>>> print(open('my_file.cif').read())   # mmCIF, C-alpha atoms
data_start
loop_
_atom_site.label_atom_id
_atom_site.label_comp_id
_atom_site.auth_asym_id
_atom_site.auth_seq_id
_atom_site.Cartn_x
_atom_site.Cartn_y
_atom_site.Cartn_z
CA MET A 1 21.40 94.31 113.92
CA ASN A 2 23.62 93.84 116.95
CA CYS A 3 25.30 96.67 118.88
CA ASP A 4 28.80 95.76 117.68
CA LEU A 5 27.77 96.00 114.03
CA LEU A 6 26.09 99.35 114.72
CA ARG A 7 29.29 100.65 116.32
CA GLN A 8 31.43 99.48 113.40
CA ARG A 9 28.97 100.98 110.91
CA ARG A 10 29.11 104.33 112.74
CA ASN A 11 32.92 104.32 112.74
CA LEU A 12 33.12 103.41 109.05
CA LEU A 13 30.59 106.08 108.05
CA LEU A 14 32.34 108.76 110.12
CA ILE A 15 35.83 108.06 108.79
CA SER A 16 34.57 107.66 105.19
CA GLY A 17 32.51 110.86 105.42
CA PHE A 18 35.52 112.71 106.84
CA LEU A 19 37.77 111.50 104.01
CA ILE A 20 35.21 112.35 101.31
CA ILE A 21 34.62 115.86 102.69
CA PHE A 22 38.36 116.30 103.24
CA ASP A 23 39.04 115.52 99.56
CA PHE A 24 36.17 117.64 98.20
CA ALA A 25 37.15 120.64 100.33
CA HIS A 26 40.89 120.34 99.48
CA VAL A 27 41.82 120.79 103.14
CA ASP A 28 45.52 121.39 103.93
CA ILE A 29 46.67 120.59 107.45
CA THR A 30 49.27 123.05 108.73
CA LYS A 31 48.61 123.16 112.46
CA VAL A 32 46.44 121.42 115.01
CA SER A 33 45.14 122.82 118.28
CA LEU A 34 45.03 120.26 121.09
CA LEU A 35 43.74 121.38 124.53
CA GLY A 36 44.90 124.93 123.92
CA THR A 37 48.30 123.85 122.66
CA GLU A 38 49.03 124.68 119.07
CA LEU A 39 50.92 121.99 117.17
CA VAL A 40 52.58 122.90 113.87
CA ILE A 41 52.51 119.97 111.48
CA GLY A 42 55.78 119.44 109.63
CA ARG A 43 54.65 116.46 107.55
CA PRO A 44 50.86 116.50 107.04
CA GLU A 45 51.01 113.37 104.87
CA VAL A 46 51.67 111.35 108.05
CA LEU A 47 48.30 112.42 109.47
CA ILE A 48 46.56 111.68 106.17
CA ASN A 49 48.17 108.23 105.99
CA ALA A 50 47.10 107.55 109.59
CA VAL A 51 43.50 108.43 108.72
CA TRP A 52 43.63 106.10 105.70
CA PHE A 53 45.01 103.35 107.94
CA LEU A 54 42.04 103.90 110.27
CA TRP A 55 39.72 103.73 107.26
CA VAL A 56 41.16 100.32 106.27
CA TYR A 57 40.79 99.11 109.86
CA PHE A 58 37.17 100.29 110.18
CA PHE A 59 36.28 98.87 106.76
CA LEU A 60 37.71 95.48 107.72
CA ARG A 61 35.95 95.50 111.10
CA TYR A 62 32.59 96.42 109.56
CA TYR A 63 32.98 93.68 106.96
CA GLN A 64 33.84 91.13 109.67
CA TYR A 65 30.83 92.02 111.82
CA LEU A 66 28.57 92.09 108.77
CA ARG A 67 29.70 88.56 107.86
CA GLU A 68 28.76 87.39 111.38
CA GLU A 69 25.13 88.38 110.82
CA ASN A 70 23.21 85.16 110.28
CA ASN A 71 20.97 86.13 107.39
CA LEU A 72 20.72 89.63 106.00
CA LYS A 73 17.46 88.63 104.25
CA ILE A 74 18.22 90.97 101.35
CA LYS A 75 17.88 88.33 98.64
CA SER A 76 14.89 86.60 100.24
CA THR A 77 13.01 89.91 100.59
CA PHE A 78 13.79 90.76 96.97
CA ILE A 79 12.66 87.33 95.68
CA PHE A 80 9.50 87.38 97.84
CA HIS A 81 8.45 90.75 96.38
CA PHE A 82 9.40 89.67 92.85
CA LYS A 83 7.34 86.46 93.10
CA GLY A 84 4.40 88.45 94.44
CA LEU A 85 4.50 90.72 91.38
CA ALA A 86 4.84 87.74 89.02
CA LEU A 87 2.01 85.76 90.63
CA ASN A 88 -0.20 88.85 90.61
CA HIS A 89 0.42 89.21 86.85
CA VAL A 90 -0.25 85.52 86.19
CA GLU A 91 -3.44 85.70 88.26
CA LYS A 92 -4.66 88.73 86.26
CA CYS A 93 -3.97 86.86 83.01
CA ARG A 94 -5.80 83.79 84.34
CA ILE A 95 -8.87 85.87 85.25
CA ALA A 96 -8.80 87.71 81.90
CA LYS A 97 -8.74 84.41 80.01
CA GLY A 98 -11.43 82.85 82.21
CA LEU A 99 -9.23 79.92 83.28
CA GLU A 100 -9.73 77.90 86.47
CA LYS A 101 -7.58 78.62 89.50
CA HIS A 102 -4.83 76.10 90.08
CA ASP A 103 -1.67 75.80 92.11
CA LEU A 104 0.74 78.37 90.60
CA GLN A 105 4.48 78.46 91.28
CA VAL A 106 7.10 80.89 90.03
CA PHE A 107 10.71 79.72 89.87
CA GLN A 108 13.99 80.98 88.47
CA GLU A 109 15.78 79.26 85.59
CA GLY A 110 18.51 81.89 85.05
CA LEU A 111 19.22 85.53 85.83
CA PHE A 112 16.35 86.90 83.73
CA ASN A 113 14.65 83.58 82.94
CA TRP A 114 11.68 82.90 85.17
CA ASP A 115 9.03 80.28 84.61
CA VAL A 116 5.55 79.82 85.96
CA LYS A 117 4.28 76.32 86.71
CA ASN A 118 0.58 75.56 86.77
CA ASN A 119 -0.27 72.38 88.68
CA THR A 120 -3.74 70.96 88.08
CA TYR A 121 -5.30 68.14 90.07
CA ASN A 122 -7.25 65.94 87.71
CA SER A 123 -10.45 64.01 88.40
CA ASP A 124 -8.51 60.72 88.13
CA ASN A 125 -6.38 61.71 91.17
CA THR A 126 -3.31 62.71 89.13
CA TRP A 127 -1.45 65.99 88.77
CA THR A 128 -0.82 67.71 85.46
CA SER A 129 1.88 70.39 85.31
CA VAL A 130 2.19 73.00 82.60
CA THR A 131 5.26 75.22 82.60
CA GLY A 132 5.70 78.44 80.66
CA ALA A 133 8.24 81.24 80.59
CA LEU A 134 7.39 84.66 81.97
CA PRO A 135 7.90 87.51 79.46
CA ARG A 136 11.40 88.92 79.83
CA HIS A 137 10.30 92.57 79.65
CA TYR A 138 7.99 91.96 82.61
CA VAL A 139 10.80 90.20 84.48
CA VAL A 140 13.11 93.22 84.04
CA LEU A 141 10.33 95.55 85.17
CA TRP A 142 9.63 93.38 88.24
CA TYR A 143 13.37 93.31 89.04
CA ILE A 144 13.41 97.11 89.04
CA LYS A 145 10.23 97.34 91.12
CA SER A 146 11.52 94.77 93.61
CA PHE A 147 14.85 96.59 93.89
CA PHE A 148 13.12 99.91 94.59
CA HIS A 149 10.82 98.18 97.06
CA LEU A 150 13.87 96.82 98.86
CA ILE A 151 15.52 100.25 98.95
CA MET A 152 12.49 102.36 99.85
CA ASN A 153 10.44 100.08 102.12
CA THR A 154 13.09 98.21 104.11
CA SER A 155 16.21 99.26 105.96
CA LYS A 156 18.24 96.29 104.71
CA ILE A 157 20.14 98.24 102.04
CA THR A 158 20.64 101.50 103.94
CA ASP A 159 21.75 99.74 107.12
CA ARG A 160 24.06 97.14 105.66
CA VAL A 161 25.04 97.88 102.04
CA LEU A 162 25.11 101.69 101.89
CA PRO A 163 27.97 102.00 104.44
CA ILE A 164 30.13 99.79 102.21
CA ILE A 165 29.23 101.86 99.13
CA ILE A 166 30.09 105.11 100.94
CA ALA A 167 33.32 103.59 102.23
CA ILE A 168 34.34 102.48 98.73
CA LEU A 169 33.60 105.98 97.41
CA ALA A 170 36.27 107.48 99.71
CA PRO A 171 39.32 105.99 97.89
CA ILE A 172 37.63 106.41 94.48
CA ILE A 173 37.16 110.12 95.16
CA LYS A 174 40.74 110.35 96.45
CA ILE A 175 42.10 108.78 93.28
CA PHE A 176 40.03 110.72 90.76
CA LEU A 177 39.73 114.11 92.46
#
>>> encode(input="my_file.cif", output="structure tokens")
Amino acid sequence: MNCDLLRQRRNLLLISGFLIIFDFAHVDITKVSLLGTELVIGRPEVLINAVWFLWVYFFLRYYQYLREENNLKIKSTFIFHFKGLALNHVEKCRIAKGLEKHDLQVFQEGLFNWDVKNNTYNSDNTWTSVTGALPRHYVVLWYIKSFFHLIMNTSKITDRVLPIIIAILAPIIKIFL
């Protein structure tokens, strides 16, 4: 993650955190002290609107810098872990059934439709491929495990996605609180 993205993430998290805490605490601005000078605020909504304008600016800047990142590797990390779980399951089934080891591939056919392909090299120098669907209940379980692996064992979600989620919470809390 480059320094500019880190700076934009910090700014977005600070302004979003301020707005969330501001709304939860029901803070009313009446006066501001600036270098020992007390300023009485006649229209506090102007300050609040200025902070929301800054929030929009920081959200846009974070999004722009995030888009400039070449590859976030969120999806590839998720798929790699998912395929590892699927191949591990297929390998256990193969061993339990006493089948020979062949070239196994796992590939996606739809959102929750995954297939396993078993390629066998025959004695007559030809390949035979057998394809079968992975059980959907296992696929859902592996999705959940892969998602938690991505959250708990990598910083990809907390560094890149969580700031956007926190930022989106700020106006939601403002509207519904």
>>> closest_residue(input="my_file.cif", among="A:Leu34, A:Tyr62, A:Ala96, A:Leu87", to="A:Pro163", atoms="only C-alpha atoms")
A:Tyr62
>>> resolve_selection(input="my_file.cif", expression="the PyMOL selection byres ((chain A and resi 82) around 8)", output="list of chain:residue names")
A:Phe78, A:Ile79, A:Phe80, A:His81, A:Lys83, A:Gly84, A:Leu85, A:Ala86, A:Trp142, A:Tyr143, A:Lys145, A:Ser146
>>> write_last_selection(input="my_file.cif", atoms="C-alpha atoms", output="tab-separated table (two decimals), in the coordinates of the input")
chain	number	residue	atom	x	y	z
A	78	PHE	CA	13.79	90.76	96.97
A	79	ILE	CA	12.66	87.33	95.68
A	80	PHE	CA	9.50	87.38	97.84
A	81	HIS	CA	8.45	90.75	96.38
A	83	LYS	CA	7.34	86.46	93.10
A	84	GLY	CA	4.40	88.45	94.44
A	85	LEU	CA	4.50	90.72	91.38
A	86	ALA	CA	4.84	87.74	89.02
A	142	TRP	CA	9.63	93.38	88.24
A	143	TYR	CA	13.37	93.31	89.04
A	145	LYS	CA	10.23	97.34	91.12
A	146	SER	CA	11.52	94.77	93.61
>>> resolve_selection(input="my_file.cif", expression="the PyMOL selection byres ((chain A and resi 2-6) around 9)", output="PyMOL selection string")
chain A and resi 1+7-11+61-62+64-66+69+159
>>> closest_residue(input="my_file.cif", among="A:Val27, A:Phe59, A:Ile165, A:Thr128", to="A:Pro44", atoms="all atoms listed in the file")
A:Val27
>>> atom_distance(input="my_file.cif", atom1="atom CA of A:Asn118", atom2="atom CA of A:His137")
20.8 Å
>>> resolve_selection(input="my_file.cif", expression="the PyMOL selection byres ((chain A and resi 15) around 10)", output="MDAnalysis selection string")
chainID A and resid 10:14 16:21 51:52 54:56 58:59 167 170
>>> residues_near_point(input="my_file.cif", point="(47.2, 113.5, 107.7)", cutoff="12 Å", atoms="only C-alpha atoms", output="PDB file with C-alpha atoms, keeping the file's coordinate frame")
ATOM      1  CA  PHE A  18      35.520 112.710 106.840  1.00  0.00           C
ATOM      2  CA  LEU A  19      37.770 111.500 104.010  1.00  0.00           C
ATOM      3  CA  PHE A  22      38.360 116.300 103.240  1.00  0.00           C
ATOM      4  CA  ASP A  23      39.040 115.520  99.560  1.00  0.00           C
ATOM      5  CA  VAL A  27      41.820 120.790 103.140  1.00  0.00           C
ATOM      6  CA  ASP A  28      45.520 121.390 103.930  1.00  0.00           C
ATOM      7  CA  ILE A  29      46.670 120.590 107.450  1.00  0.00           C
ATOM      8  CA  THR A  30      49.270 123.050 108.730  1.00  0.00           C
ATOM      9  CA  LYS A  31      48.610 123.160 112.460  1.00  0.00           C
ATOM     10  CA  VAL A  32      46.440 121.420 115.010  1.00  0.00           C
ATOM     11  CA  ILE A  41      52.510 119.970 111.480  1.00  0.00           C
ATOM     12  CA  GLY A  42      55.780 119.440 109.630  1.00  0.00           C
ATOM     13  CA  ARG A  43      54.650 116.460 107.550  1.00  0.00           C
ATOM     14  CA  PRO A  44      50.860 116.500 107.040  1.00  0.00           C
ATOM     15  CA  GLU A  45      51.010 113.370 104.870  1.00  0.00           C
ATOM     16  CA  VAL A  46      51.670 111.350 108.050  1.00  0.00           C
ATOM     17  CA  LEU A  47      48.300 112.420 109.470  1.00  0.00           C
ATOM     18  CA  ILE A  48      46.560 111.680 106.170  1.00  0.00           C
ATOM     19  CA  ASN A  49      48.170 108.230 105.990  1.00  0.00           C
ATOM     20  CA  ALA A  50      47.100 107.550 109.590  1.00  0.00           C
ATOM     21  CA  VAL A  51      43.500 108.430 108.720  1.00  0.00           C
ATOM     22  CA  TRP A  52      43.630 106.100 105.700  1.00  0.00           C
ATOM     23  CA  PHE A  53      45.010 103.350 107.940  1.00  0.00           C
ATOM     24  CA  LEU A  54      42.040 103.900 110.270  1.00  0.00           C
TER      25      LEU A  54
END
>>> closest_residue(input="my_file.cif", among="A:Thr131, A:Thr126, A:Asn119, A:Asn88", to="A:Phe107", atoms="all atoms listed in the file")
A:Thr131
>>> atom_distance(input="my_file.cif", atom1="atom CA of A:Ile166", atom2="atom CA of A:Leu111")
27.0 Å
>>> atom_distance(input="my_file.cif", atom1="atom CA of A:Gln105", atom2="atom CA of A:Met152")
26.6 Å
>>> closest_residue(input="my_file.cif", among="A:Tyr138, A:Arg160, A:Phe24, A:Lys97", to="A:Ile172", atoms="only C-alpha atoms")
A:Phe24
>>> closest_residue(input="my_file.cif", among="A:Thr158, A:His26, A:Tyr63, A:His102", to="A:Tyr121", atoms="only C-alpha atoms")
A:His102
>>> axis_aligned_box(input="my_file.cif", around="stretch 21-26 of chain A", padding_each_side="5 Å", output="JSON")
{"center_x": 37.8, "center_y": 118.1, "center_z": 100.7, "size_x": 16.3, "size_y": 15.1, "size_z": 15.0}
>>> residues_around(input="my_file.cif", residues="A:Pro135", least_positions_apart="5", cutoff="10 Å", atoms="only C-alpha atoms", output="list in words")
Phe112, Asn113, Trp114, Asp115 and Val140 of chain A
>>> closest_residue(input="my_file.cif", among="A:Ser155, A:Thr37, A:Thr77, A:Gln108", to="A:Val139", atoms="only C-alpha atoms")
A:Gln108
